[in-house]
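What's in final_3.cif: mmCIF, C-alpha atoms and all ligand atoms
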```cif
data_work
#
loop_
_atom_site.label_atom_id
_atom_site.label_comp_id
_atom_site.auth_asym_id
_atom_site.auth_seq_id
_atom_site.Cartn_x
_atom_site.Cartn_y
_atom_site.Cartn_z
CA MET A 1 -11.70 54.46 155.41
CA THR A 2 -14.58 54.62 152.93
CA VAL A 3 -16.78 51.71 151.88
CA ASN A 4 -15.00 51.67 148.51
CA GLU A 5 -11.63 51.42 150.26
CA LEU A 6 -12.94 48.60 152.43
CA LEU A 7 -13.92 46.75 149.27
CA LYS A 8 -10.30 46.81 148.11
CA LEU A 9 -9.26 44.68 151.09
CA GLU A 10 -8.80 41.00 150.34
CA GLY A 11 -11.86 38.81 150.76
CA PHE A 12 -14.63 41.39 150.48
CA SER A 13 -17.09 41.68 147.59
CA PRO A 14 -19.84 44.17 146.85
CA VAL A 15 -23.47 42.99 147.03
CA VAL A 16 -25.24 46.36 146.83
CA ILE A 17 -23.27 49.60 146.88
CA THR A 18 -25.32 52.80 146.83
CA ASP A 19 -22.81 55.17 148.44
CA GLY A 20 -19.24 53.93 148.19
CA GLU A 21 -17.91 57.17 149.67
CA ALA A 22 -19.66 56.59 153.01
CA GLU A 23 -17.10 56.74 155.82
CA VAL A 24 -16.54 53.61 157.92
CA LYS A 25 -15.73 54.81 161.43
CA GLY A 26 -16.03 51.66 163.49
CA VAL A 27 -17.33 48.12 163.68
CA TYR A 28 -20.28 46.44 165.36
CA ILE A 29 -20.88 42.69 165.38
CA GLY A 30 -24.26 41.18 166.21
CA ASP A 31 -27.24 39.22 164.97
CA LEU A 32 -29.86 40.21 167.52
CA LEU A 33 -31.52 43.19 165.88
CA SER A 34 -32.52 45.07 169.03
CA TRP A 35 -28.97 44.82 170.32
CA VAL A 36 -27.72 46.28 167.07
CA MET A 37 -30.22 49.13 167.27
CA GLY A 38 -29.28 49.81 170.85
CA ARG A 39 -25.52 49.64 170.43
CA ALA A 40 -24.32 50.18 166.85
CA CYS A 41 -23.05 53.68 166.14
CA GLU A 42 -23.49 55.89 163.14
CA GLY A 43 -20.82 55.01 160.56
CA ASP A 44 -20.13 51.51 161.86
CA ALA A 45 -19.60 48.56 159.56
CA TRP A 46 -22.19 46.10 160.87
CA ILE A 47 -21.06 42.48 160.64
CA THR A 48 -23.86 39.91 160.77
CA ILE A 49 -25.00 36.53 159.50
CA MET A 50 -28.67 37.61 159.40
CA SER A 51 -30.05 37.77 155.88
CA ASN A 52 -33.76 38.57 156.22
CA ILE A 53 -35.42 41.79 155.08
CA ASN A 54 -35.47 43.28 158.58
CA ILE A 55 -31.71 43.93 158.47
CA LEU A 56 -32.44 46.73 155.99
CA ALA A 57 -34.64 48.63 158.43
CA VAL A 58 -32.09 48.12 161.19
CA ALA A 59 -29.24 49.36 158.99
CA THR A 60 -31.24 52.43 157.96
CA LEU A 61 -32.35 53.30 161.47
CA SER A 62 -28.95 52.91 163.07
CA ASP A 63 -27.18 54.85 160.28
CA VAL A 64 -24.45 52.25 159.82
CA ALA A 65 -22.06 52.80 156.90
CA CYS A 66 -22.57 49.29 155.55
CA ILE A 67 -23.73 45.78 156.35
CA ILE A 68 -21.07 43.08 156.02
CA LEU A 69 -22.51 39.58 155.59
CA ALA A 70 -20.09 37.10 157.12
CA GLU A 71 -19.51 33.38 156.48
CA GLY A 72 -20.61 33.59 152.84
CA VAL A 73 -24.23 34.38 153.73
CA GLU A 74 -26.26 35.30 150.64
CA LEU A 75 -29.22 37.61 150.07
CA SER A 76 -32.32 36.98 147.96
CA GLU A 77 -32.80 39.16 144.90
CA ASP A 78 -35.79 41.04 146.33
CA ILE A 79 -33.79 42.01 149.41
CA LYS A 80 -31.00 43.30 147.17
CA THR A 81 -33.53 45.37 145.23
CA ALA A 82 -35.02 46.75 148.43
CA ALA A 83 -31.52 47.62 149.70
CA LYS A 84 -30.87 49.59 146.51
CA ASP A 85 -34.13 51.50 146.99
CA LYS A 86 -33.26 52.32 150.58
CA GLY A 87 -29.73 53.43 149.73
CA ILE A 88 -27.94 50.81 151.82
CA ASN A 89 -24.43 49.44 151.27
CA ILE A 90 -24.03 45.67 151.58
CA ILE A 91 -20.76 43.75 151.33
CA CYS A 92 -20.19 40.02 151.66
CA SER A 93 -17.27 37.90 152.73
CA GLU A 94 -16.48 34.22 153.20
CA LYS A 95 -14.60 35.14 156.36
CA SER A 96 -15.96 34.68 159.88
CA ALA A 97 -17.13 37.71 161.84
CA TYR A 98 -13.92 37.50 163.86
CA ASP A 99 -11.65 37.45 160.81
CA ILE A 100 -13.56 40.35 159.27
CA ALA A 101 -13.18 42.36 162.46
CA VAL A 102 -9.45 41.62 162.56
CA ALA A 103 -9.06 42.75 158.94
CA LEU A 104 -11.02 45.94 159.62
CA SER A 105 -9.10 46.64 162.78
CA LYS A 106 -5.87 46.67 160.79
CA ALA A 107 -7.35 48.88 158.08
CA LEU A 108 -9.21 51.43 160.19
CA MET B 1 -48.27 76.29 171.86
CA SER B 2 -50.99 75.04 169.53
CA GLU B 3 -49.15 74.18 166.33
CA GLN B 4 -49.00 70.42 165.95
CA LEU B 5 -48.20 68.08 163.07
CA LEU B 6 -49.80 64.64 163.13
CA PHE B 7 -48.77 61.48 161.30
CA THR B 8 -51.01 58.42 161.62
CA PHE B 9 -50.24 54.85 160.56
CA ASP B 10 -51.89 51.46 160.57
CA VAL B 11 -49.40 48.76 161.48
CA ASP B 12 -50.28 45.51 159.74
CA GLY B 13 -50.06 42.53 162.07
CA ASP B 14 -49.55 39.86 159.40
CA ASP B 15 -46.88 41.44 157.37
CA PHE B 16 -43.62 40.83 159.08
CA THR B 17 -41.50 41.78 156.12
CA SER B 18 -42.93 45.27 155.73
CA ALA B 19 -42.76 46.04 159.45
CA GLY B 20 -40.82 49.23 159.88
CA GLN B 21 -42.62 51.14 157.16
CA ALA B 22 -44.22 53.56 159.59
CA SER B 23 -40.94 54.35 161.34
CA SER B 24 -39.11 54.72 158.01
CA GLN B 25 -41.80 57.15 156.84
CA VAL B 26 -41.52 59.12 160.08
CA LYS B 27 -37.78 59.27 159.63
CA ARG B 28 -38.28 60.84 156.19
CA ASN B 29 -40.91 63.27 157.46
CA LEU B 30 -38.72 64.43 160.34
CA ARG B 31 -35.79 64.90 158.00
CA GLN B 32 -37.94 67.16 155.82
CA LEU B 33 -38.85 69.17 158.90
CA GLY B 34 -35.15 69.77 159.52
CA ILE B 35 -35.05 67.93 162.86
CA SER B 36 -31.51 67.05 163.98
CA PRO B 37 -30.14 63.61 162.98
CA ASP B 38 -29.57 62.58 166.59
CA ILE B 39 -33.21 63.22 167.50
CA ILE B 40 -34.41 61.51 164.33
CA LYS B 41 -32.38 58.41 165.15
CA ARG B 42 -33.78 58.22 168.68
CA VAL B 43 -37.38 58.71 167.54
CA SER B 44 -37.20 56.29 164.64
CA ILE B 45 -35.49 53.49 166.57
CA ALA B 46 -37.92 53.80 169.50
CA MET B 47 -40.81 53.77 167.07
CA TYR B 48 -39.45 50.82 165.09
CA GLU B 49 -39.06 48.76 168.26
CA GLY B 50 -42.64 49.57 169.20
CA GLU B 51 -43.89 48.85 165.71
CA ILE B 52 -42.14 45.47 165.59
CA ASN B 53 -43.51 44.62 169.03
CA MET B 54 -47.05 45.31 167.82
CA VAL B 55 -46.46 43.01 164.84
CA ILE B 56 -44.81 40.19 166.82
CA HIS B 57 -46.70 40.32 170.07
CA ALA B 58 -50.04 42.00 169.36
CA GLY B 59 -51.18 41.31 165.80
CA GLY B 60 -50.75 44.91 164.68
CA GLY B 61 -52.09 48.25 165.84
CA THR B 62 -51.89 51.95 165.16
CA ALA B 63 -49.14 54.51 165.50
CA VAL B 64 -49.67 58.25 165.89
CA VAL B 65 -46.75 60.64 165.84
CA ALA B 66 -47.26 64.25 166.91
CA VAL B 67 -44.62 66.90 166.38
CA THR B 68 -44.92 70.06 168.44
CA GLU B 69 -42.41 72.77 169.22
CA GLU B 70 -41.48 71.08 172.49
CA HIS B 71 -41.32 67.41 171.60
CA ILE B 72 -42.08 64.52 169.31
CA GLU B 73 -44.69 62.21 170.78
CA ILE B 74 -45.28 58.64 169.61
CA VAL B 75 -48.41 56.77 170.68
CA LEU B 76 -48.58 53.08 169.81
CA LYS B 77 -51.88 51.38 170.44
CA ASP B 78 -52.89 47.76 169.96
CA GLN B 79 -55.69 45.39 170.88
CA GLY B 80 -53.32 42.50 171.50
CA PRO B 81 -53.01 40.21 174.51
CA GLY B 82 -51.62 42.91 176.79
CA ILE B 83 -48.58 42.69 179.07
CA LYS B 84 -49.11 40.87 182.36
CA ASP B 85 -46.08 42.17 184.23
CA ILE B 86 -44.78 45.44 182.80
CA GLU B 87 -41.80 45.63 185.15
CA GLN B 88 -40.65 42.20 184.00
CA ALA B 89 -41.23 43.05 180.33
CA MET B 90 -39.03 46.15 180.73
CA GLN B 91 -36.06 44.08 181.90
CA GLU B 92 -33.23 43.59 179.42
CA GLY B 93 -33.35 40.03 178.12
CA PHE B 94 -36.97 39.25 178.98
CA SER B 95 -38.82 37.98 175.92
CA THR B 96 -41.75 35.75 175.07
CA ALA B 97 -40.98 35.83 171.33
CA PRO B 98 -41.62 32.49 169.59
CA ASP B 99 -38.79 30.54 167.92
CA ASP B 100 -39.68 31.48 164.34
CA VAL B 101 -39.38 35.15 165.25
CA ARG B 102 -36.13 34.55 167.12
CA SER B 103 -34.60 32.98 164.04
CA LEU B 104 -35.12 36.34 162.30
CA GLY B 105 -33.01 38.09 164.91
CA PHE B 106 -35.77 39.34 167.21
CA GLY B 107 -36.46 38.19 170.75
CA ALA B 108 -33.40 39.54 172.52
CA GLY B 109 -35.67 41.25 175.02
CA MET B 110 -34.03 44.57 174.24
CA GLY B 111 -36.87 46.39 172.46
CA LEU B 112 -38.65 47.96 175.41
CA PRO B 113 -35.32 48.84 177.14
CA ASN B 114 -34.18 50.52 173.90
CA MET B 115 -37.43 52.49 173.72
CA LYS B 116 -36.87 53.71 177.26
CA ARG B 117 -33.22 54.53 176.63
CA TYR B 118 -33.81 56.50 173.43
CA THR B 119 -36.72 58.59 174.69
CA ASP B 120 -37.12 61.21 177.41
CA TYR B 121 -40.48 59.89 178.57
CA MET B 122 -42.13 56.51 178.22
CA ASN B 123 -45.35 55.18 179.68
CA ILE B 124 -46.92 51.75 179.17
CA GLU B 125 -50.60 51.17 179.80
CA SER B 126 -51.63 47.59 179.36
CA GLU B 127 -54.48 45.32 180.31
CA VAL B 128 -54.40 41.59 179.75
CA GLY B 129 -56.92 40.61 177.09
CA VAL B 130 -57.61 44.22 176.13
CA GLY B 131 -54.44 45.70 174.69
CA THR B 132 -51.46 47.94 175.17
CA THR B 133 -50.87 51.65 174.68
CA ILE B 134 -47.32 52.98 174.79
CA THR B 135 -46.61 56.70 174.85
CA MET B 136 -43.10 58.00 174.24
CA ARG B 137 -41.71 61.51 173.98
CA VAL B 138 -38.43 62.91 172.76
CA ASN B 139 -37.85 66.50 173.78
CA LEU B 140 -36.93 69.07 171.15
CA MET B 141 -35.95 71.74 173.67
N1 LIG A 201 -47.40 45.41 172.28
C1 LIG A 201 -47.22 44.34 173.07
N2 LIG A 201 -48.25 43.50 173.37
C2 LIG A 201 -48.06 42.43 174.16
N3 LIG A 201 -46.89 42.10 174.70
C3 LIG A 201 -45.81 42.88 174.45
C4 LIG A 201 -45.92 44.03 173.61
N4 LIG A 201 -44.70 44.62 173.56
C5 LIG A 201 -43.89 43.87 174.32
N5 LIG A 201 -44.53 42.82 174.86
C6 LIG A 201 -43.98 41.80 175.79
O1 LIG A 201 -42.80 42.32 176.39
C7 LIG A 201 -41.68 41.45 176.10
C8 LIG A 201 -40.43 42.28 175.98
O2 LIG A 201 -40.50 43.13 174.84
P1 LIG A 201 -39.14 43.60 174.14
O3 LIG A 201 -39.48 44.43 172.96
O4 LIG A 201 -38.27 44.20 175.18
O5 LIG A 201 -38.46 42.23 173.70
P2 LIG A 201 -38.83 41.28 172.48
O6 LIG A 201 -39.76 41.97 171.55
O7 LIG A 201 -39.28 39.99 173.02
O8 LIG A 201 -37.41 41.10 171.79
P3 LIG A 201 -36.60 42.22 170.94
O9 LIG A 201 -37.37 43.49 171.06
O10 LIG A 201 -35.26 42.29 171.57
O11 LIG A 201 -36.55 41.71 169.56
C9 LIG A 201 -42.09 40.71 174.85
O12 LIG A 201 -41.41 39.50 174.68
C10 LIG A 201 -43.59 40.50 175.09
O13 LIG A 201 -43.81 39.45 175.99
MG MG A 202 -39.33 43.87 170.85
#
```
As a first step, turn the structure in this file into structure tokens.
Amino acid sequence: MTVNELLKLEGFSPVVITDGEAEVKGVYIGDLLSWVMGRACEGDAWITIMSNINILAVATLSDVACIILAEGVELSEDIKTAAKDKGINIICSEKSAYDIAVALSKAL
Amino acid sequence: MSEQLLFTFDVDGDDFTSAGQASSQVKRNLRQLGISPDIIKRVSIAMYEGEINMVIHAGGGTAVVAVTEEHIEIVLKDQGPGIKDIEQAMQEGFSTAPDDVRSLGFGAGMGLPNMKRYTDYMNIESEVGVGTTITMRVNLM
């Protein structure tokens, strides 16, 4: 499934999409950044409720396909701009991390 | 073996939001050199963890990355408070990060273990009240 295809699922909206054709190969859930860097795999959709600027570095370094902000978490405008510059995909959803994972599990 | 490429960075201790600039730059440089993605990921994550540690725990420092034919070496040096018990600091889950830093998602006590896991060699030299120097290497052959 690509990021664009993920966005067609119910309950997901684009925040910043720089490469909609990026392939989503798996899922990682976590808010502790060092855990994410140690465990997330290349191509994962990373589900988190963290919304500070450091998530951009973590997403870039761990080569995830996209960040999915759960529980309706929002980003400030300057973080969105920085995400565009860094070529990161960010999606948001009102769903909980669990419900997002369930939806992705069916779609993957 | 004398050819060596050096990248040097100052890591600003006040600027939490820009932390990660040095490792992002190194990632770009290594990509230009045609280093394999797997190696780049290991180097840049290990370096980012070290960079963030210098910002959170030591008030900043310097980072020097050397690329030779055999390996990529990262040396992170700070004049921070030092690490009293290195063995304890290396344990997964050990952290002295303050609450404000934890609320940003740091402080899991996984940084040093990640640095060890992603590199082929890691050495910590630290003296309380003087500072910390961490040397890491990722082999290229
Ligand atoms: N450069 C440093 N100077 C002084 N103390 C350090 C330094 N780096 C690490 N430490 C000490 O070692 C502990 C463990 O570091 P580690 O990177 O594993 O975890 P953390 O930074 O607390 O949390 P995380 O990396 O998971 O966000 C730190 O909490 C701190 O006490
Ligand atoms: Mg750390």
Original post:
Which residue gives the smallest distance to ligand MG 202 (chain A) among A:Ser34, A:Ser96, A:Thr48, A:Ser105, with only C-alpha atoms and all ligand atoms counted?
Top reply: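 Ranked by minimum distance to ligand MG 202 (chain A), first place goes to A:Ser34.
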For chain A against ligand LIG 201 (chain A), with a cut-off of 12 Å and counting only C-alpha atoms and all ligand atoms, what is the closest atom pair and its distance in Å to one decimal for every residue that makes the cut, ordered by chain and number, as a tab-separated table?
```
residue	atom	partner	partner_atom	distance
A:Asp31	CA	A:LIG201	O11	10.7
A:Leu32	CA	A:LIG201	O10	7.1
A:Leu33	CA	A:LIG201	O11	6.4
A:Ser34	CA	A:LIG201	O10	4.7
A:Trp35	CA	A:LIG201	O10	6.9
A:Val36	CA	A:LIG201	O10	9.6
A:Met37	CA	A:LIG201	O10	9.5
A:Gly38	CA	A:LIG201	O10	9.6
A:Asn54	CA	A:LIG201	O11	11.1
A:Val58	CA	A:LIG201	O11	11.4
```
Would you write out those residues with C-alpha atoms, as an mmCIF file, keeping the file's coordinate frame?
```cif
data_model
loop_
_atom_site.group_PDB
_atom_site.id
_atom_site.type_symbol
_atom_site.label_atom_id
_atom_site.label_comp_id
_atom_site.auth_asym_id
_atom_site.auth_seq_id
_atom_site.Cartn_x
_atom_site.Cartn_y
_atom_site.Cartn_z
ATOM 1 C CA ASP A 31 -27.240 39.220 164.970
ATOM 2 C CA LEU A 32 -29.860 40.210 167.520
ATOM 3 C CA LEU A 33 -31.520 43.190 165.880
ATOM 4 C CA SER A 34 -32.520 45.070 169.030
ATOM 5 C CA TRP A 35 -28.970 44.820 170.320
ATOM 6 C CA VAL A 36 -27.720 46.280 167.070
ATOM 7 C CA MET A 37 -30.220 49.130 167.270
ATOM 8 C CA GLY A 38 -29.280 49.810 170.850
ATOM 9 C CA ASN A 54 -35.470 43.280 158.580
ATOM 10 C CA VAL A 58 -32.090 48.120 161.190
#
```
**OP:** Determine which residues of chain B sit within 10 Å of chain A, taking into account only C-alpha atoms, and present them as a PyMOL selection string.
**Re:** chain B and resi 16-21+23-24+27+37-38+40-46+48-49+52+102-115+117-118
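When CA of Pro81 in chain B is paired with CA of Gly60 in chain B, their separation reads 11.1 Å.
Atom to atom, CA of Met122 in chain B and CA of Ala65 in chain A stand 29.5 Å apart.
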Subject >> Point (-7.4, 45.5, 158.9) neighbourhood (12 Å, all atoms listed in the file) written as an MDAnalysis selection string >> reply: chainID A and resid 1 5:12 26:27 98:108
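If only C-alpha atoms are the atoms counted, then among B:Val64, B:Leu76, B:Ile56, B:Leu33 the closest residue to Ile134 in chain B is B:Leu76.
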**OP:** Using CA of Met136 in chain B and CA of Asp120 in chain B as the two end points, give the distance in Å to one decimal.
**Re:**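 These atoms are spaced 7.5 Å apart.
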**OP:** Counting all atoms listed in the file, figure out which residue out of A:Asp85, A:Glu94, A:Trp46, A:Ile67 gets nearest to Val15 in chain A.
**Re:** A:Ile67
